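Chemist: Next up is a structure, given as structure tokens.
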Amino acid sequence: MTQVRVRIAPSPTGPLHLGTARTALFNFLFARHVGGTFIFRLEDTDQARSTEAFELDILEGMHWLGLTWDEGPGIGDEPERGAYGPYRQMQRTDRYAAAARRLLDEDKAYYCYCTPDELDAERKRQEAAHQPTRYNGRCAHLTAAERAAFEAEGRKPVVRFRIPPGRTIAFDDIVRGHVEIDSDALGGDLVILRSDGTPLYHFTVAVDDAAMAISHVIRGEDHLSNTPKHILLFEAMGAPIPLFAHLPLILNPDRTKMSKRKSQTAVADYRAQGFIPEAFVNYLALLGWSTGTEEEILSIEELAERFDLATVNRAGAIFDRNRLEWLNGQWIRRLEPSDLIDRLRPFLQSLADADRIDRLPSDDEIRALLPVVQERLPTLASVELIDFLFVRELTVDPGLLVPKRWDAATTLGALSIARDTIAEVGRVSWEAEEIEPPLRELVTDRGWKAGDLFMAVRVAITGKTATPPLFDVMVALGYERTLERLDKAVGMLEALTEPVENVSPAARTIRQEG
Ligand code: GLU
């Protein structure tokens, strides 16, 4: 068997896209599974749209995901590594020129002098006649004299590769099975060099895949229709034809194609929202592939151990953010406390930067909270769940304070008694197991529903309707601050239950609804 060499070949014309990340991952897993080489090549020939910032975003995203490559740019401190470089296409332009030269010399390619206007007119004619649009081959067999005449007019030619007519190009795709495409459906002879000498995508891919001895081309299904062109180019260059595996598209839940306009596709955005790479990689691996067992939570090493290209699905893979969040939560639970604390820091810092908290908690404070918080974090950003612990002045929406089944007066009465009960227990001990029983007793005595009282207390001390367990929250908040916040809520309810003429319009609405 030939040495396995696979590649990811992103164009730095946008930030790292999750589809590219998934393709990179499948290449990586395949290479690691079989002990092959994973190559990173930057396809930066679209100079108008390529930027250094996008390049950095892609490199950083790949590093963040842990998709280490064996050859390519940005390995360790080296600008690039590998015996097949350079790995940036803009540094390989002499190679494309030489390859084009050879094709011209062997008459597998020719100079085409048609102007954009002429091509446009021809396309319109074909459209009007309901014919497939394709290059009509006008320059395919020019005589030396005809060429000289065009040159004399000052026309600058492009180079076109001859697409043989009437051929069936067939290949066995590892994912899709046998594929056949008619060469007449490829749009006619293919431009490989523009009139300024810059190479085009299909050509650079084929030249580089050949030069870099790529054994398997694993890429998105959107490239399936390009593959026959690449096969013809490989043949013309006398290069071995790699095996192909076209991965299913990633779809929105409504089965439309995921596009950057409609969906969140930038890997960096998921990172910023508090997804962790272990989970993100785990999730991406399951977009179009599964182990065939019940196993779902797998590290990148475990994925590599199990990965098999032959079991990749053909059908589109639906991106399900809820499942990603679930997996992320599972992975967050598995983190060591100190590791999790390190990862939470930047998110706490952003809460501080946004004035959502007044101070940053210490490591010890966070560590003490982890037993009740760690299993409740779908993302690192959801650490905002406990922001109320680190604010001096809590803002409470009075509308949330009054439970659905209660009115303001009932809530006021209940909270006042609860406050005194809590004050009483707290004088002796401030443990969750101590605070809970007297409050439950109170609920039973009064014939209330525990949920109603606890919701009122929860909102009073946290401002939120969903928090970690209430009694743990009280302990974390401390005796004094818990009472302070209950007092403040009682004051707020008192204002709400004053005679109508003294009450603000907002409070009146709440009273009516209650
Ligand atoms: N630069 C191409 C892309 O980003 C690579 C396609 C390929 O893998 O052949 O889509």
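Ordering of the structure tokens sets the chain letters (A, B, ...), residue numbers begin anew at 1 in every chain, and ligands are numbered from 1 in the order given.
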Give me the residues within 12 Å of Glu302 in chain A as a list in words, counting only C-alpha atoms and dropping any in the same chain fewer than 3 places off.
Modeler: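 Close residues of Glu302 in chain A: Leu29, Arg32, His33, Glu278, Val281, Asn282, Ala285, Thr291, Glu295, Glu296, Ile297, Leu298, Ser299, Glu305, Arg306 and Phe307 of chain A.
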Chemist: Can you spit out the residues from that selection as a compact mmCIF listing (two decimals), in the first residue's frame, using N, CA, C and O atoms?
Modeler:
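Saved result, part22.txt, follows:
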# COMPACT_ATOMS: atom_id res chain seq x y z
N LEU A 29 -8.11 12.36 11.50
CA LEU A 29 -8.44 11.07 12.13
C LEU A 29 -8.00 9.91 11.25
O LEU A 29 -7.46 8.91 11.72
N ARG A 32 -4.19 9.68 11.37
CA ARG A 32 -3.72 9.11 12.65
C ARG A 32 -4.08 7.63 12.77
O ARG A 32 -3.31 6.84 13.30
N HIS A 33 -5.25 7.29 12.25
CA HIS A 33 -5.69 5.89 12.36
C HIS A 33 -4.74 4.95 11.61
O HIS A 33 -4.43 3.86 12.09
N GLU A 278 -12.49 19.82 23.17
CA GLU A 278 -12.75 18.38 23.33
C GLU A 278 -14.14 18.05 22.81
O GLU A 278 -14.36 17.06 22.11
N VAL A 281 -14.64 18.93 18.84
CA VAL A 281 -14.07 17.89 18.01
C VAL A 281 -14.95 16.63 18.06
O VAL A 281 -15.26 16.02 17.03
N ASN A 282 -15.36 16.27 19.25
CA ASN A 282 -16.22 15.10 19.44
C ASN A 282 -17.50 15.27 18.61
O ASN A 282 -17.91 14.36 17.87
N ALA A 285 -16.86 15.13 14.78
CA ALA A 285 -16.59 13.76 14.30
C ALA A 285 -17.90 13.02 14.03
O ALA A 285 -17.97 12.16 13.16
N THR A 291 -19.49 5.66 15.45
CA THR A 291 -18.67 4.48 15.73
C THR A 291 -19.45 3.20 15.43
O THR A 291 -18.87 2.12 15.41
N GLU A 295 -21.33 4.37 21.91
CA GLU A 295 -20.35 5.34 22.40
C GLU A 295 -20.57 6.70 21.77
O GLU A 295 -20.71 6.81 20.56
N GLU A 296 -20.59 7.72 22.61
CA GLU A 296 -20.81 9.07 22.09
C GLU A 296 -19.72 10.02 22.52
O GLU A 296 -19.39 10.95 21.82
N ILE A 297 -19.22 9.80 23.74
CA ILE A 297 -18.26 10.76 24.28
C ILE A 297 -16.87 10.19 24.11
O ILE A 297 -16.47 9.24 24.79
N LEU A 298 -16.18 10.74 23.13
CA LEU A 298 -14.89 10.18 22.74
C LEU A 298 -13.86 11.29 22.58
O LEU A 298 -14.15 12.34 21.99
N SER A 299 -12.68 11.03 23.10
CA SER A 299 -11.59 11.99 22.95
C SER A 299 -11.05 11.87 21.53
O SER A 299 -11.35 10.90 20.81
N GLU A 305 -8.64 6.19 17.02
CA GLU A 305 -8.55 4.74 17.12
C GLU A 305 -9.69 4.06 16.35
O GLU A 305 -9.52 3.01 15.75
N ARG A 306 -10.89 4.65 16.42
CA ARG A 306 -12.07 4.01 15.85
C ARG A 306 -12.41 4.45 14.43
O ARG A 306 -13.24 3.84 13.76
N PHE A 307 -11.80 5.54 13.97
CA PHE A 307 -12.26 6.16 12.73
C PHE A 307 -12.08 5.26 11.51
O PHE A 307 -11.05 4.61 11.34
Chemist: Can you pull out every residue within 10 Å of Pro157 in chain A, counting only C-alpha atoms, but drop anything in the same chain fewer than 5 positions away, and send it as a list in words?
Modeler: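 The contact residues come out as Tyr110, Tyr111, Cys112, Tyr113, Cys114, Thr115, Cys139, Arg147, Phe150, Glu151, Leu193, Arg194, Ser195, Asp196 and Gly197 of chain A.
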Chemist: Take the residues just selected and output them with all heavy atoms as a CSV table (one decimal), in the first residue's frame.
Modeler:
chain,number,residue,atom,x,y,z
A,110,TYR,N,-3.9,25.0,-24.5
A,110,TYR,CA,-3.6,26.0,-25.6
A,110,TYR,C,-3.9,27.4,-25.1
A,110,TYR,O,-4.6,27.6,-24.1
A,110,TYR,CB,-4.5,25.6,-26.8
A,110,TYR,CG,-5.9,25.6,-26.5
A,110,TYR,CD1,-6.7,26.7,-26.7
A,110,TYR,CD2,-6.6,24.4,-26.2
A,110,TYR,CE1,-8.1,26.7,-26.5
A,110,TYR,CE2,-7.9,24.4,-25.9
A,110,TYR,CZ,-8.7,25.5,-26.1
A,110,TYR,OH,-10.0,25.5,-25.8
A,111,TYR,N,-3.4,28.4,-25.9
A,111,TYR,CA,-3.7,29.8,-25.6
A,111,TYR,C,-5.1,30.1,-26.1
A,111,TYR,O,-5.4,29.8,-27.3
A,111,TYR,CB,-2.7,30.7,-26.2
A,111,TYR,CG,-1.3,30.6,-25.5
A,111,TYR,CD1,-0.2,30.0,-26.1
A,111,TYR,CD2,-1.2,31.0,-24.2
A,111,TYR,CE1,1.0,29.9,-25.4
A,111,TYR,CE2,0.0,30.9,-23.5
A,111,TYR,CZ,1.1,30.4,-24.1
A,111,TYR,OH,2.3,30.3,-23.5
A,112,CYS,N,-5.9,30.8,-25.4
A,112,CYS,CA,-7.2,31.2,-25.8
A,112,CYS,C,-7.3,32.7,-25.7
A,112,CYS,O,-7.0,33.3,-24.7
A,112,CYS,CB,-8.3,30.6,-24.9
A,112,CYS,SG,-9.9,31.3,-25.1
A,113,TYR,N,-7.7,33.4,-26.8
A,113,TYR,CA,-7.6,34.8,-26.9
A,113,TYR,C,-9.0,35.4,-26.8
A,113,TYR,O,-9.2,36.6,-27.0
A,113,TYR,CB,-7.0,35.2,-28.3
A,113,TYR,CG,-5.5,34.8,-28.4
A,113,TYR,CD1,-5.1,33.6,-28.8
A,113,TYR,CD2,-4.5,35.8,-28.0
A,113,TYR,CE1,-3.8,33.2,-28.9
A,113,TYR,CE2,-3.2,35.4,-28.0
A,113,TYR,CZ,-2.8,34.1,-28.5
A,113,TYR,OH,-1.5,33.8,-28.5
A,114,CYS,N,-10.0,34.6,-26.6
A,114,CYS,CA,-11.4,35.2,-26.5
A,114,CYS,C,-11.5,36.2,-25.4
A,114,CYS,O,-10.9,36.0,-24.3
A,114,CYS,CB,-12.4,34.1,-26.2
A,114,CYS,SG,-12.5,32.9,-27.5
A,115,THR,N,-12.1,37.3,-25.6
A,115,THR,CA,-12.2,38.4,-24.6
A,115,THR,C,-13.4,38.1,-23.7
A,115,THR,O,-14.3,37.3,-24.2
A,115,THR,CB,-12.4,39.7,-25.3
A,115,THR,OG1,-13.7,39.7,-26.0
A,115,THR,CG2,-11.3,40.1,-26.2
A,139,CYS,N,-10.8,28.8,-29.8
A,139,CYS,CA,-9.4,29.0,-29.9
A,139,CYS,C,-8.6,27.7,-29.9
A,139,CYS,O,-7.4,27.6,-29.8
A,139,CYS,CB,-8.8,29.9,-28.9
A,139,CYS,SG,-9.4,31.6,-29.0
A,147,ARG,N,-2.9,33.1,-34.3
A,147,ARG,CA,-2.4,33.5,-32.9
A,147,ARG,C,-1.7,34.8,-33.0
A,147,ARG,O,-1.9,35.7,-32.3
A,147,ARG,CB,-1.5,32.4,-32.4
A,147,ARG,CG,-2.2,31.3,-31.7
A,147,ARG,CD,-1.5,30.8,-30.4
A,147,ARG,NE,-0.1,30.5,-30.7
A,147,ARG,CZ,0.3,29.2,-31.2
A,147,ARG,NH1,-0.6,28.3,-31.4
A,147,ARG,NH2,1.5,29.0,-31.4
A,150,PHE,N,-4.0,37.7,-33.3
A,150,PHE,CA,-4.6,38.1,-32.0
A,150,PHE,C,-3.5,38.9,-31.1
A,150,PHE,O,-3.9,39.9,-30.5
A,150,PHE,CB,-5.1,36.9,-31.2
A,150,PHE,CG,-6.4,36.4,-31.7
A,150,PHE,CD1,-6.6,35.0,-31.8
A,150,PHE,CD2,-7.5,37.3,-31.9
A,150,PHE,CE1,-7.9,34.5,-32.2
A,150,PHE,CE2,-8.7,36.8,-32.3
A,150,PHE,CZ,-8.9,35.4,-32.5
A,151,GLU,N,-2.3,38.3,-31.2
A,151,GLU,CA,-1.2,39.0,-30.4
A,151,GLU,C,-1.1,40.4,-30.9
A,151,GLU,O,-0.9,41.3,-30.1
A,151,GLU,CB,0.1,38.2,-30.5
A,151,GLU,CG,0.1,36.8,-30.0
A,151,GLU,CD,0.3,36.7,-28.5
A,151,GLU,OE1,0.8,37.7,-27.9
A,151,GLU,OE2,0.1,35.6,-27.9
A,193,LEU,N,-4.8,29.1,-16.5
A,193,LEU,CA,-4.0,30.3,-16.1
A,193,LEU,C,-4.8,31.5,-16.7
A,193,LEU,O,-5.3,31.5,-17.8
A,193,LEU,CB,-2.6,30.3,-16.7
A,193,LEU,CG,-1.5,29.3,-16.3
A,193,LEU,CD1,-0.2,29.7,-17.0
A,193,LEU,CD2,-1.4,29.3,-14.8
A,194,ARG,N,-4.9,32.5,-15.8
A,194,ARG,CA,-5.6,33.8,-16.3
A,194,ARG,C,-4.6,34.5,-17.3
A,194,ARG,O,-3.4,34.1,-17.3
A,194,ARG,CB,-5.9,34.7,-15.2
A,194,ARG,CG,-6.9,34.2,-14.2
A,194,ARG,CD,-7.3,35.3,-13.2
A,194,ARG,NE,-8.1,34.7,-12.1
A,194,ARG,CZ,-7.7,34.2,-11.0
A,194,ARG,NH1,-6.4,34.1,-10.8
A,194,ARG,NH2,-8.5,33.7,-10.1
A,195,SER,N,-5.1,35.6,-17.9
A,195,SER,CA,-4.2,36.3,-18.9
A,195,SER,C,-3.0,36.9,-18.2
A,195,SER,O,-2.0,37.2,-18.8
A,195,SER,CB,-5.1,37.3,-19.6
A,195,SER,OG,-5.7,38.2,-18.7
A,196,ASP,N,-3.1,37.2,-16.9
A,196,ASP,CA,-2.0,37.7,-16.1
A,196,ASP,C,-1.1,36.6,-15.6
A,196,ASP,O,-0.1,36.9,-14.9
A,196,ASP,CB,-2.4,38.6,-15.0
A,196,ASP,CG,-3.2,37.9,-13.9
A,196,ASP,OD1,-3.3,36.6,-14.0
A,196,ASP,OD2,-3.6,38.5,-12.9
A,197,GLY,N,-1.4,35.4,-16.0
A,197,GLY,CA,-0.5,34.3,-15.6
A,197,GLY,C,-0.8,33.7,-14.3
A,197,GLY,O,-0.2,32.6,-13.9
Chemist: Write as a list in words the residues around ligand 1, taking 7 Å as the cut-off and counting only C-alpha atoms and all ligand atoms.
Modeler: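 The residues within 7 Å of ligand 1, counting only C-alpha atoms and all ligand atoms, are Ile8, Ala9, Pro10, Ser11, Glu43, Val205, Val217, Ile218, Arg219 and His223 of chain A.
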Chemist: Might you pull out every residue within 12 Å of Gly413 in chain A, with only C-alpha atoms counted and same-chain residues fewer than 5 positions away left off, and present them as a VMD selection string?
Modeler: chain A and resid 402 406 to 408 418 to 420 446 448 453 456 489 to 491 493 to 494 497
Chemist: Restrict the selected residues to N, CA and C atoms and save them as a short mmCIF file (atom, residue, chain, number, x, y, z; two decimals), in the first residue's frame.
Modeler:
data_model
loop_
_atom_site.label_atom_id
_atom_site.label_comp_id
_atom_site.auth_asym_id
_atom_site.auth_seq_id
_atom_site.Cartn_x
_atom_site.Cartn_y
_atom_site.Cartn_z
N VAL A 402 -43.07 37.74 42.10
CA VAL A 402 -44.38 37.22 42.52
C VAL A 402 -44.70 35.94 41.72
N TRP A 406 -49.51 33.26 43.12
CA TRP A 406 -49.62 34.19 44.24
C TRP A 406 -49.81 35.61 43.75
N ASP A 407 -50.34 36.48 44.67
CA ASP A 407 -50.31 37.91 44.36
C ASP A 407 -49.22 38.56 45.20
N ALA A 408 -49.06 39.87 45.03
CA ALA A 408 -47.95 40.56 45.69
C ALA A 408 -48.08 40.48 47.21
N ALA A 418 -40.45 33.78 55.71
CA ALA A 418 -39.30 32.97 55.29
C ALA A 418 -38.01 33.66 55.72
N ARG A 419 -37.97 34.96 55.58
CA ARG A 419 -36.79 35.73 55.95
C ARG A 419 -36.48 35.51 57.43
N ASP A 420 -37.53 35.57 58.25
CA ASP A 420 -37.28 35.40 59.69
C ASP A 420 -36.85 33.97 60.00
N ARG A 446 -48.27 26.24 56.26
CA ARG A 446 -49.10 27.28 55.63
C ARG A 446 -49.94 26.74 54.48
N TRP A 448 -48.73 26.04 51.57
CA TRP A 448 -48.23 26.59 50.29
C TRP A 448 -47.67 25.47 49.44
N LEU A 453 -42.85 29.29 47.13
CA LEU A 453 -42.00 30.00 48.09
C LEU A 453 -40.55 30.01 47.59
N ALA A 456 -39.93 32.48 44.87
CA ALA A 456 -39.88 33.87 45.35
C ALA A 456 -38.53 34.14 46.03
N ALA A 489 -36.11 42.66 48.87
CA ALA A 489 -37.27 42.16 48.13
C ALA A 489 -38.56 42.44 48.90
N VAL A 490 -38.48 42.28 50.22
CA VAL A 490 -39.66 42.57 51.05
C VAL A 490 -40.03 44.05 50.90
N GLY A 491 -39.02 44.91 50.92
CA GLY A 491 -39.26 46.35 50.73
C GLY A 491 -39.92 46.63 49.40
N LEU A 493 -41.78 44.61 47.65
CA LEU A 493 -43.16 44.12 47.67
C LEU A 493 -44.04 45.04 48.51
N GLU A 494 -43.48 45.60 49.54
CA GLU A 494 -44.26 46.55 50.35
C GLU A 494 -44.68 47.73 49.50
N THR A 497 -47.54 46.83 47.37
CA THR A 497 -48.84 46.56 47.98
C THR A 497 -49.41 47.78 48.71
#
Chemist: What separation in Å, quoted to one decimal, exists between CA of Arg5 in chain A and CA of Ser215 in chain A?
Modeler: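 Here the two named atoms are 5.2 Å from each other.
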Chemist: With the cut-off set at 9 Å and counting only C-alpha atoms, tabulate each residue of range 261-337 of chain A with an atom at most that distance from an atom of range 365-374 of chain A, showing the nearest atom pair and its distance in Å to one decimal, ordered by chain and increasing number, as a tab-separated table.
Modeler:
residue	atom	partner	partner_atom	distance
A:Gly329	CA	A:Gln374	CA	8.5
A:Ile332	CA	A:Gln374	CA	7.0
A:Arg333	CA	A:Gln374	CA	5.8
A:Leu335	CA	A:Gln374	CA	8.9
A:Pro337	CA	A:Arg367	CA	6.7
